[in-house]
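Novice: Below is work38.txt; it holds compact mmCIF, C-alpha atoms.
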# COMPACT_ATOMS: atom_id res chain seq x y z
CA ASN A 1 -88.78 132.99 183.98
CA ARG A 2 -89.99 134.04 180.54
CA SER A 3 -93.67 134.27 181.42
CA ALA A 4 -92.98 136.10 184.69
CA VAL A 5 -90.71 138.67 183.01
CA GLU A 6 -93.11 139.13 180.11
CA GLU A 7 -96.08 139.60 182.46
CA LEU A 8 -94.15 142.23 184.41
CA LEU A 9 -93.22 144.03 181.20
CA ARG A 10 -96.80 143.76 179.93
CA SER A 11 -98.09 145.37 183.16
CA ILE A 12 -95.55 148.19 183.02
CA SER A 13 -96.20 148.81 179.33
CA LYS A 14 -99.96 148.96 179.88
CA VAL A 15 -99.67 151.45 182.75
CA VAL A 16 -97.29 153.65 180.75
CA ARG A 17 -99.42 153.57 177.60
CA ASP A 18 -102.65 154.18 179.54
CA LYS A 19 -101.20 157.25 181.25
CA ALA A 20 -99.19 158.55 178.29
CA PRO A 21 -100.38 157.05 174.98
CA ASN A 22 -97.53 158.67 173.01
CA ALA A 23 -94.82 157.46 175.38
CA VAL A 24 -92.06 155.28 173.97
CA VAL A 25 -91.46 151.99 175.76
CA SER A 26 -88.01 150.49 175.34
CA VAL A 27 -85.84 147.78 176.86
CA SER A 28 -82.11 147.65 177.26
CA SER A 29 -81.12 144.14 176.23
CA HIS A 30 -78.83 141.85 174.28
CA ALA A 31 -81.23 141.28 171.38
CA GLY A 32 -81.34 137.64 170.40
CA TYR A 33 -78.65 136.48 172.81
CA GLU A 34 -79.86 132.95 173.56
CA PRO A 35 -78.27 132.42 177.02
CA LEU A 36 -80.33 135.33 178.40
CA ARG A 37 -83.59 133.74 177.26
CA LEU A 38 -83.22 131.39 180.23
CA GLU A 39 -83.55 134.46 182.43
CA GLY A 40 -86.73 135.52 180.64
CA THR A 41 -85.30 137.98 178.14
CA ASP A 42 -86.95 137.87 174.72
CA SER A 43 -86.68 141.43 173.45
CA ILE A 44 -87.15 140.47 169.81
CA ALA A 45 -90.51 138.81 170.56
CA TRP A 46 -91.49 141.83 172.67
CA ALA A 47 -90.72 144.23 169.81
CA ASN A 48 -92.45 142.00 167.25
CA SER A 49 -95.60 141.85 169.37
CA GLY A 50 -95.61 145.63 170.02
CA LEU A 51 -95.02 145.21 173.74
CA VAL A 52 -92.00 147.52 173.38
CA ASP A 53 -91.27 150.17 170.78
CA TYR A 54 -87.49 149.85 170.77
CA ILE A 55 -84.73 147.48 171.79
CA LEU A 56 -81.62 149.28 172.97
CA HIS A 57 -79.05 146.60 172.23
CA ILE A 58 -76.12 146.61 174.67
CA GLU A 59 -72.74 146.53 172.85
CA TYR A 60 -70.05 148.24 174.92
CA ALA A 61 -67.05 146.57 173.23
CA GLN A 62 -64.46 148.26 171.10
CA LEU A 63 -65.20 148.08 167.37
CA ALA A 64 -63.20 144.87 166.89
CA GLY A 65 -65.18 143.10 169.63
CA ILE A 66 -68.71 144.06 168.59
CA ARG A 67 -70.90 140.99 168.12
CA ARG A 68 -71.87 141.74 164.52
CA ASP A 69 -73.35 138.28 164.02
CA LEU A 70 -75.75 138.82 166.92
CA LEU A 71 -76.88 142.17 165.52
CA GLU A 72 -77.33 140.74 162.01
CA LYS A 73 -79.45 137.85 163.34
CA ALA A 74 -81.55 140.26 165.40
CA LEU A 75 -82.24 142.43 162.34
CA ILE A 76 -83.41 139.36 160.41
CA LYS A 77 -85.73 138.23 163.23
CA LEU A 78 -87.35 141.62 163.77
CA ASN A 79 -90.55 142.33 161.85
CA ASP A 80 -89.50 146.01 161.88
CA PRO A 81 -85.70 146.37 162.00
CA SER A 82 -86.02 150.08 162.80
CA ARG A 83 -86.91 148.99 166.34
CA LEU A 84 -83.26 148.03 167.02
CA ILE A 85 -80.85 150.70 168.29
CA MET A 86 -77.35 149.96 169.55
CA ILE A 87 -75.92 151.34 172.79
CA ALA A 88 -72.19 151.94 172.26
CA GLY A 89 -69.66 152.18 175.07
CA ASN A 90 -67.36 155.10 175.80
CA TYR A 91 -65.35 153.50 178.58
CA GLU A 92 -62.83 150.73 179.17
CA ALA A 93 -62.71 148.33 182.10
CA GLU A 94 -59.83 146.27 183.40
CA LYS A 95 -60.33 142.58 182.64
CA GLY A 96 -61.47 140.79 185.75
CA ASN A 97 -61.85 144.05 187.68
CA ARG A 98 -65.00 145.89 186.63
CA SER A 99 -64.40 148.46 189.38
CA HIS A 100 -61.35 149.85 187.54
CA VAL A 101 -62.96 151.79 184.69
CA TRP A 102 -61.79 154.81 182.66
CA PRO A 103 -62.89 156.86 179.61
CA ARG A 104 -62.26 155.24 176.22
CA ASP A 105 -59.92 156.82 173.68
CA PRO A 106 -61.93 159.34 171.61
CA VAL A 107 -60.91 157.75 168.28
CA GLU A 108 -62.36 154.41 169.39
CA VAL A 109 -65.54 156.14 170.64
CA GLY A 110 -65.97 157.66 167.18
CA LYS A 111 -65.54 154.23 165.57
CA VAL A 112 -68.15 152.51 167.74
CA ILE A 113 -70.64 155.37 167.29
CA ARG A 114 -70.12 155.24 163.53
CA PHE A 115 -70.79 151.50 163.58
CA ALA A 116 -73.84 151.94 165.83
CA THR A 117 -75.37 154.48 163.45
CA THR A 118 -74.69 152.51 160.26
CA PHE A 119 -75.05 148.76 160.97
CA ASN A 120 -78.84 148.98 160.66
CA PRO A 121 -80.05 150.53 157.38
CA ALA A 122 -83.53 151.02 158.92
CA GLN A 123 -82.30 153.03 161.92
CA ARG A 124 -79.61 155.72 162.18
CA SER A 125 -79.84 156.24 165.93
CA ALA A 126 -77.48 155.25 168.70
CA ALA A 127 -77.10 155.62 172.43
CA LEU A 128 -73.89 156.08 174.42
CA TYR A 129 -73.05 154.51 177.76
CA GLU A 130 -71.83 155.62 180.19
CA TYR A 131 -72.31 159.36 180.40
CA ARG A 132 -70.17 159.77 183.50
CA PHE A 133 -67.18 158.82 181.33
CA LEU A 134 -67.99 161.28 178.55
CA THR A 135 -65.02 163.61 178.17
CA GLU A 136 -64.59 166.88 176.31
CA ALA A 137 -62.22 165.05 173.93
CA GLN A 138 -64.87 162.40 173.14
CA ILE A 139 -67.57 164.90 172.13
CA PRO A 140 -66.08 165.77 168.70
CA ALA A 141 -65.51 162.04 168.10
CA VAL A 142 -69.17 161.30 168.89
CA VAL A 143 -70.28 164.05 166.49
CA ALA A 144 -67.88 162.78 163.81
CA GLY A 145 -69.19 159.26 164.37
CA TRP A 146 -72.41 160.29 162.66
CA GLY A 147 -70.34 161.00 159.53
CA ALA A 148 -69.47 158.86 156.53
CA PRO A 149 -70.39 155.16 156.79
CA GLU A 150 -67.59 152.62 157.03
CA SER A 151 -66.69 150.40 154.14
CA ALA A 152 -66.24 146.64 154.50
CA THR A 153 -62.60 147.28 155.43
CA GLY A 154 -63.63 149.30 158.49
CA HIS A 155 -62.41 152.63 157.09
CA ALA A 156 -64.65 155.64 156.55
CA GLU A 157 -65.70 156.00 152.95
CA GLN A 158 -65.10 159.36 151.32
CA HIS A 159 -67.98 160.75 149.25
How would this structure read if it were set down as structure tokens?
Specialist:
Amino acid sequence: NRSAVEELLRSISKVVRDKAPNAVVSVSSHAGYEPLRLEGTDSIAWANSGLVDYILHIEYAQLAGIRRDLLEKALIKLNDPSRLIMIAGNYEAEKGNRSHVWPRDPVEVGKVIRFATTFNPAQRSAALYEYRFLTEAQIPAVVAGWGAPESATGHAEQH
């Protein structure tokens, strides 16, 4: 699958860059997650070769469940760590029933956004998924999430 997926991405990237040379090409992926390589996903290699500009790493878990080890390994493997941006989640889903979904508590949204904007020293960007669950109460938490970085204990440092 790897060569087929890469060839498809190469074709899309070429068409986009030919028509709009300044366009940004990105992939939404689980950067470095080995089981997905069987399906043809190799976003780190794609970023290292310049095939894509950014990897939008999917991490929708609450702060305690974020796969920090996966993100750390991805940063090490990337030639340019600034190419890795995390997508944080703002919703919860019932275990075993992905059709029962609701907006996440604003405090937790702020925590995951803060982590997303600070785990990578080379990149202070983040994305939020899913916008249909964005509530008025979450907006101040998202803004605050771009605040003080967390210490090793998981609490915001005061400067």
Novice: Which residues, written as a PyMOL selection string, have at least one atom at most 10 Å from Phe115 in chain A, with only C-alpha atoms counted and residues fewer than 3 positions away on the same chain left out?
Specialist: chain A and resi 63+66+68+86+88+109-112+118-120+124+126+145-146+149-150+154
Novice: Give me the residues within 12 Å of Asn1 in chain A as a list of chain:residue names, counting only C-alpha atoms and dropping any in the same chain fewer than 3 places off.
Specialist: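 What passes the distance filter is A:Ala4, A:Val5, A:Glu6, A:Glu7, A:Leu8, A:Leu36, A:Arg37, A:Leu38, A:Glu39, A:Gly40, A:Thr41, A:Asp42.
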Novice: I'd like to know which of A:Gly96, A:Gly50, A:Pro106, A:Pro121 is closest to Ser82 in chain A, using only C-alpha atoms.
Specialist: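 Under the stated criterion, the closest residue is A:Pro121.
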Novice: Using all atoms listed in the file, which of the listed residues (A:Ile12, A:Ala116, A:Ile55, A:Leu71) sits closest to Gly147 in chain A?
Specialist: A:Ala116
Novice: Name the residues in contact with Leu84 in chain A at a cut-off of 10 Å, using only C-alpha atoms, excluding same-chain residues fewer than 2 positions from it; report them as a list in words.
Specialist: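 Within the cut-off, the hits are Ser26, Ala31, Ser43, Ile44, Ala47, Asp53, Tyr54, Ile55, Leu56, His57, Leu71, Ala74, Leu75, Leu78, Asp80, Pro81, Ser82, Met86, Ile87, Asn120, Ala122, Gln123, Arg124, Ser125 and Ala126 of chain A.
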Novice: Rank nothing, just name the residue among A:Val143, A:Val24, A:Ala45, A:Ala93 nearest to Leu128 in chain A, using only C-alpha atoms.
Specialist: A:Val143
